[in-house]
Amino acid sequence: MTSDPAWMAAAACRGLTPNLFHPEPGDSRVTLHAKQVCAECPVADACLQYALDNGMDDGVWGGKTPGERRPRNRRNIDIRVYPIREHGVSAGYGAHLRRREPPCEACRLAHNQRVNEYKKSQKRESGAA
Ligand code: SF4
Ligand SMILES: [Zn+2]
């Protein structure tokens with residue numbers, strides 16, 4: 001388990017319930033609320049980049065929903081072809097997405113594991129608060 005990146009210390013969503021940033025699909029009310037928090041967030045750029053680098057396919061990051069982070073919707077994001085240095089890691093998953101290709105099984109599993117770890121750590125944090 002890696003520690004949180006430094007920018008998370010300044011996140012506007014710190015201390016808020018993680019559920020707010022993981023709306024049920026189609027729950028536009030919660031999605032809008034999350035986006036309003038992100039709009040005031042000083043580290044939204046770093047947050048969005050983190051989600052892209054790590055292939056997060058769940059939740060609102062940097063004010064963007066999973067759909068808005070998909071390669072075809074990223075008009076203002078560099079989508080040049082990236083080499084995949086390693087498969088079976090979440091960075092590989094992100095590279096697949098940047099290449100606009102479906103992630104391979106190994107990368108997909110690594111990514112899912114990372115998302116689950118993140119959710120667990122968020123639960124622990126909110127439980128301790
Ligand atoms: S951009 Fe949104 S999700 Fe990301 S750290 Fe800021 S408030 Fe949290
Ligand atoms: Zn792969």
# chains A, B, ... in the order shown; residues from 1 in each chain; ligands from 1
$ residues_around --residues "Leu97 (chain A)" --least-positions-apart "4" --cutoff "7 Å" --atoms "only C-alpha atoms" --output "VMD selection string"
chain A and resid 55 71 93 101 to 103
$ write_last_selection --atoms "N, CA and C atoms" --output "short mmCIF file (atom, residue, chain, number, x, y, z; two decimals), in the first residue's frame"
data_model
loop_
_atom_site.label_atom_id
_atom_site.label_comp_id
_atom_site.auth_asym_id
_atom_site.auth_seq_id
_atom_site.Cartn_x
_atom_site.Cartn_y
_atom_site.Cartn_z
N GLY A 55 -5.59 5.41 -14.08
CA GLY A 55 -6.69 4.73 -14.75
C GLY A 55 -7.93 4.55 -13.87
N PRO A 71 -10.89 8.72 -22.90
CA PRO A 71 -10.00 9.35 -23.88
C PRO A 71 -10.73 10.16 -24.94
N TYR A 93 -2.42 0.13 -16.69
CA TYR A 93 -3.84 0.32 -16.98
C TYR A 93 -4.08 1.72 -17.54
N GLU A 101 -7.12 1.99 -25.86
CA GLU A 101 -7.34 0.57 -26.09
C GLU A 101 -7.85 -0.05 -24.80
N PRO A 102 -8.56 -1.16 -24.89
CA PRO A 102 -9.03 -1.78 -23.66
C PRO A 102 -7.84 -2.33 -22.88
N PRO A 103 -7.83 -2.12 -21.56
CA PRO A 103 -6.72 -2.63 -20.76
C PRO A 103 -6.62 -4.15 -20.85
#
$ residues_around --residues "Glu24 (chain A)" --least-positions-apart "5" --cutoff "10 Å" --atoms "only C-alpha atoms" --output "list of chain:residue names"
A:Asn19, A:Val30, A:Thr31, A:Asp58, A:Gly59
$ write_last_selection --atoms "N, CA and C atoms" --output "mmCIF file, in the first residue's frame"
data_model
loop_
_atom_site.group_PDB
_atom_site.id
_atom_site.type_symbol
_atom_site.label_atom_id
_atom_site.label_comp_id
_atom_site.auth_asym_id
_atom_site.auth_seq_id
_atom_site.Cartn_x
_atom_site.Cartn_y
_atom_site.Cartn_z
ATOM 1 N N ASN A 19 -18.536 8.811 -0.240
ATOM 2 C CA ASN A 19 -19.716 8.475 -1.050
ATOM 3 C C ASN A 19 -20.079 9.611 -1.995
ATOM 4 N N VAL A 30 -25.947 14.021 -6.709
ATOM 5 C CA VAL A 30 -24.692 13.813 -5.979
ATOM 6 C C VAL A 30 -23.497 14.194 -6.853
ATOM 7 N N THR A 31 -23.577 13.862 -8.145
ATOM 8 C CA THR A 31 -22.477 14.212 -9.056
ATOM 9 C C THR A 31 -22.273 15.721 -9.091
ATOM 10 N N ASP A 58 -13.667 5.027 -11.746
ATOM 11 C CA ASP A 58 -14.772 5.116 -10.808
ATOM 12 C C ASP A 58 -14.666 6.446 -10.070
ATOM 13 N N GLY A 59 -15.770 7.104 -9.851
ATOM 14 C CA GLY A 59 -15.770 8.286 -9.003
ATOM 15 C C GLY A 59 -15.434 9.581 -9.732
#
$ residues_around --residues "Ala106 (chain A)" --least-positions-apart "6" --cutoff "10 Å" --atoms "only C-alpha atoms" --output "PyMOL selection string"
chain A and resi 87-90+92-93
$ write_last_selection --atoms "N, CA and C atoms" --output "PDB file, in the first residue's frame"
ATOM      1  N   HIS A  87       3.150  -4.221 -17.662  1.00  0.00           N
ATOM      2  CA  HIS A  87       1.762  -4.663 -17.524  1.00  0.00           C
ATOM      3  C   HIS A  87       1.553  -5.242 -16.124  1.00  0.00           C
ATOM      4  N   GLY A  88       0.293  -5.330 -15.729  1.00  0.00           N
ATOM      5  CA  GLY A  88      -0.014  -5.891 -14.419  1.00  0.00           C
ATOM      6  C   GLY A  88       0.186  -4.894 -13.294  1.00  0.00           C
ATOM      7  N   VAL A  89       0.283  -3.617 -13.629  1.00  0.00           N
ATOM      8  CA  VAL A  89       0.361  -2.545 -12.626  1.00  0.00           C
ATOM      9  C   VAL A  89      -0.668  -1.486 -13.025  1.00  0.00           C
ATOM     10  N   SER A  90      -1.103  -0.672 -12.050  1.00  0.00           N
ATOM     11  CA  SER A  90      -2.170   0.264 -12.391  1.00  0.00           C
ATOM     12  C   SER A  90      -1.674   1.338 -13.357  1.00  0.00           C
ATOM     13  N   GLY A  92       0.124   0.733 -15.883  1.00  0.00           N
ATOM     14  CA  GLY A  92      -0.086   0.102 -17.191  1.00  0.00           C
ATOM     15  C   GLY A  92      -1.522   0.266 -17.634  1.00  0.00           C
ATOM     16  N   TYR A  93      -2.417   0.132 -16.688  1.00  0.00           N
ATOM     17  CA  TYR A  93      -3.840   0.319 -16.984  1.00  0.00           C
ATOM     18  C   TYR A  93      -4.079   1.718 -17.543  1.00  0.00           C
TER      19      TYR A  93
END
$ residues_near_ligand --ligand "ligand 1" --cutoff "10 Å" --atoms "only C-alpha atoms and all ligand atoms" --output "number ranges by chain"
A: 7-16, 18, 20-22, 34-51, 59-65
$ write_last_selection --atoms "N, CA and C atoms" --output "CSV table (one decimal), in the first residue's frame"
chain,number,residue,atom,x,y,z
A,7,TRP,N,-0.5,16.1,-2.7
A,7,TRP,CA,-1.6,17.1,-2.9
A,7,TRP,C,-2.8,16.8,-2.2
A,8,MET,N,-3.0,15.5,-1.8
A,8,MET,CA,-4.3,15.2,-1.1
A,8,MET,C,-4.4,15.9,0.2
A,9,ALA,N,-3.3,16.4,0.8
A,9,ALA,CA,-3.4,17.1,2.0
A,9,ALA,C,-4.2,18.4,1.9
A,10,ALA,N,-4.2,18.9,0.6
A,10,ALA,CA,-4.9,20.2,0.4
A,10,ALA,C,-6.2,20.0,-0.3
A,11,ALA,N,-6.7,18.8,-0.4
A,11,ALA,CA,-7.9,18.5,-1.1
A,11,ALA,C,-9.1,19.1,-0.4
A,12,ALA,N,-10.0,19.7,-1.2
A,12,ALA,CA,-11.2,20.3,-0.7
A,12,ALA,C,-12.2,19.2,-0.2
A,13,CYS,N,-12.0,18.0,-0.7
A,13,CYS,CA,-12.9,16.9,-0.2
A,13,CYS,C,-12.4,16.2,1.0
A,14,ARG,N,-11.3,16.7,1.6
A,14,ARG,CA,-10.8,16.0,2.7
A,14,ARG,C,-11.8,16.1,3.9
A,15,GLY,N,-12.1,14.9,4.5
A,15,GLY,CA,-13.0,14.9,5.6
A,15,GLY,C,-14.5,14.8,5.1
A,16,LEU,N,-14.8,15.0,3.8
A,16,LEU,CA,-16.1,14.7,3.4
A,16,LEU,C,-16.3,13.2,3.1
A,18,PRO,N,-16.6,9.9,1.4
A,18,PRO,CA,-16.2,9.4,0.0
A,18,PRO,C,-17.4,9.1,-0.8
A,20,LEU,N,-19.8,10.8,-1.5
A,20,LEU,CA,-20.1,12.0,-2.4
A,20,LEU,C,-19.4,11.9,-3.7
A,21,PHE,N,-18.2,11.4,-3.7
A,21,PHE,CA,-17.3,11.3,-4.9
A,21,PHE,C,-17.4,10.0,-5.6
A,22,HIS,N,-18.3,9.1,-5.1
A,22,HIS,CA,-18.6,7.9,-5.8
A,22,HIS,C,-20.1,7.7,-6.0
A,34,ALA,N,-20.6,16.9,-5.9
A,34,ALA,CA,-19.2,16.6,-5.9
A,34,ALA,C,-18.4,17.6,-6.8
A,35,LYS,N,-19.0,17.9,-8.0
A,35,LYS,CA,-18.3,18.8,-8.9
A,35,LYS,C,-18.2,20.2,-8.3
A,36,GLN,N,-19.2,20.6,-7.5
A,36,GLN,CA,-19.1,21.9,-6.9
A,36,GLN,C,-18.0,22.0,-5.9
A,37,VAL,N,-17.8,20.9,-5.2
A,37,VAL,CA,-16.7,20.8,-4.2
A,37,VAL,C,-15.4,20.9,-5.0
A,38,CYS,N,-15.3,20.1,-6.1
A,38,CYS,CA,-14.0,20.1,-6.9
A,38,CYS,C,-13.8,21.5,-7.5
A,39,ALA,N,-14.8,22.2,-7.9
A,39,ALA,CA,-14.6,23.5,-8.5
A,39,ALA,C,-13.9,24.5,-7.6
A,40,GLU,N,-14.0,24.3,-6.2
A,40,GLU,CA,-13.4,25.2,-5.3
A,40,GLU,C,-12.0,24.6,-4.8
A,41,CYS,N,-11.7,23.4,-5.4
A,41,CYS,CA,-10.5,22.7,-4.8
A,41,CYS,C,-9.2,23.2,-5.4
A,42,PRO,N,-8.2,23.5,-4.6
A,42,PRO,CA,-6.9,24.1,-5.1
A,42,PRO,C,-6.1,23.1,-5.8
A,43,VAL,N,-6.4,21.8,-5.6
A,43,VAL,CA,-5.5,20.8,-6.2
A,43,VAL,C,-6.3,19.9,-7.3
A,44,ALA,N,-7.3,20.5,-7.9
A,44,ALA,CA,-8.1,19.8,-8.8
A,44,ALA,C,-7.3,19.3,-10.0
A,45,ASP,N,-6.3,20.1,-10.5
A,45,ASP,CA,-5.5,19.6,-11.6
A,45,ASP,C,-4.7,18.4,-11.3
A,46,ALA,N,-4.1,18.4,-10.1
A,46,ALA,CA,-3.3,17.3,-9.7
A,46,ALA,C,-4.2,16.1,-9.5
A,47,CYS,N,-5.3,16.3,-9.0
A,47,CYS,CA,-6.3,15.2,-8.7
A,47,CYS,C,-6.7,14.6,-10.0
A,48,LEU,N,-7.0,15.4,-11.0
A,48,LEU,CA,-7.4,14.8,-12.3
A,48,LEU,C,-6.3,14.1,-12.9
A,49,GLN,N,-5.1,14.6,-12.9
A,49,GLN,CA,-3.9,14.0,-13.5
A,49,GLN,C,-3.7,12.6,-12.8
A,50,TYR,N,-3.9,12.6,-11.5
A,50,TYR,CA,-3.7,11.4,-10.7
A,50,TYR,C,-4.7,10.3,-11.2
A,51,ALA,N,-5.9,10.7,-11.4
A,51,ALA,CA,-7.0,9.8,-11.8
A,51,ALA,C,-6.6,9.2,-13.2
A,59,GLY,N,-15.8,7.1,-9.9
A,59,GLY,CA,-15.8,8.3,-9.0
A,59,GLY,C,-15.4,9.6,-9.7
A,60,VAL,N,-15.7,10.7,-9.0
A,60,VAL,CA,-15.4,12.0,-9.6
A,60,VAL,C,-14.0,12.4,-9.1
A,61,TRP,N,-13.2,12.8,-10.0
A,61,TRP,CA,-11.8,13.2,-9.7
A,61,TRP,C,-11.5,14.5,-10.5
A,62,GLY,N,-11.0,15.5,-9.8
A,62,GLY,CA,-10.7,16.8,-10.4
A,62,GLY,C,-11.9,17.4,-11.1
A,63,GLY,N,-13.1,17.1,-10.6
A,63,GLY,CA,-14.3,17.6,-11.2
A,63,GLY,C,-14.8,16.9,-12.4
A,64,LYS,N,-14.2,15.8,-12.7
A,64,LYS,CA,-14.6,15.0,-13.9
A,64,LYS,C,-15.2,13.7,-13.5
A,65,THR,N,-16.3,13.3,-14.2
A,65,THR,CA,-16.8,12.0,-14.0
A,65,THR,C,-16.0,11.0,-14.8
$ closest_residue --among "A:Arg124, A:Lys119, A:Arg29, A:His111" --to "ligand 2" --atoms "only C-alpha atoms and all ligand atoms"
A:His111
$ closest_residue --among "A:Leu52, A:Ala6, A:Cys104, A:Ala91" --to "ligand 2" --atoms "only C-alpha atoms and all ligand atoms"
A:Cys104
$ closest_residue --among "A:Arg100, A:Arg108, A:His33, A:Arg69" --to "ligand 2" --atoms "only C-alpha atoms and all ligand atoms"
A:Arg108
$ select_by_dssp --residues "chain A" --states "alpha helix (DSSP H)" --output "ChimeraX atom specification"
/A:28-39,44-53,66-69,90-98,105-128
$ closest_residue --among "A:Leu32, A:Tyr118, A:Thr17, A:Met56" --to "Ala95 (chain A)" --atoms "only C-alpha atoms"
A:Met56
$ closest_residue --among "A:Ser121, A:His96, A:Glu68, A:Gln113" --to "ligand 2" --atoms "only C-alpha atoms and all ligand atoms"
A:His96
$ closest_residue --among "A:Arg85, A:Gly67, A:Asn73, A:Asp57" --to "Val115 (chain A)" --atoms "only C-alpha atoms"
A:Asp57
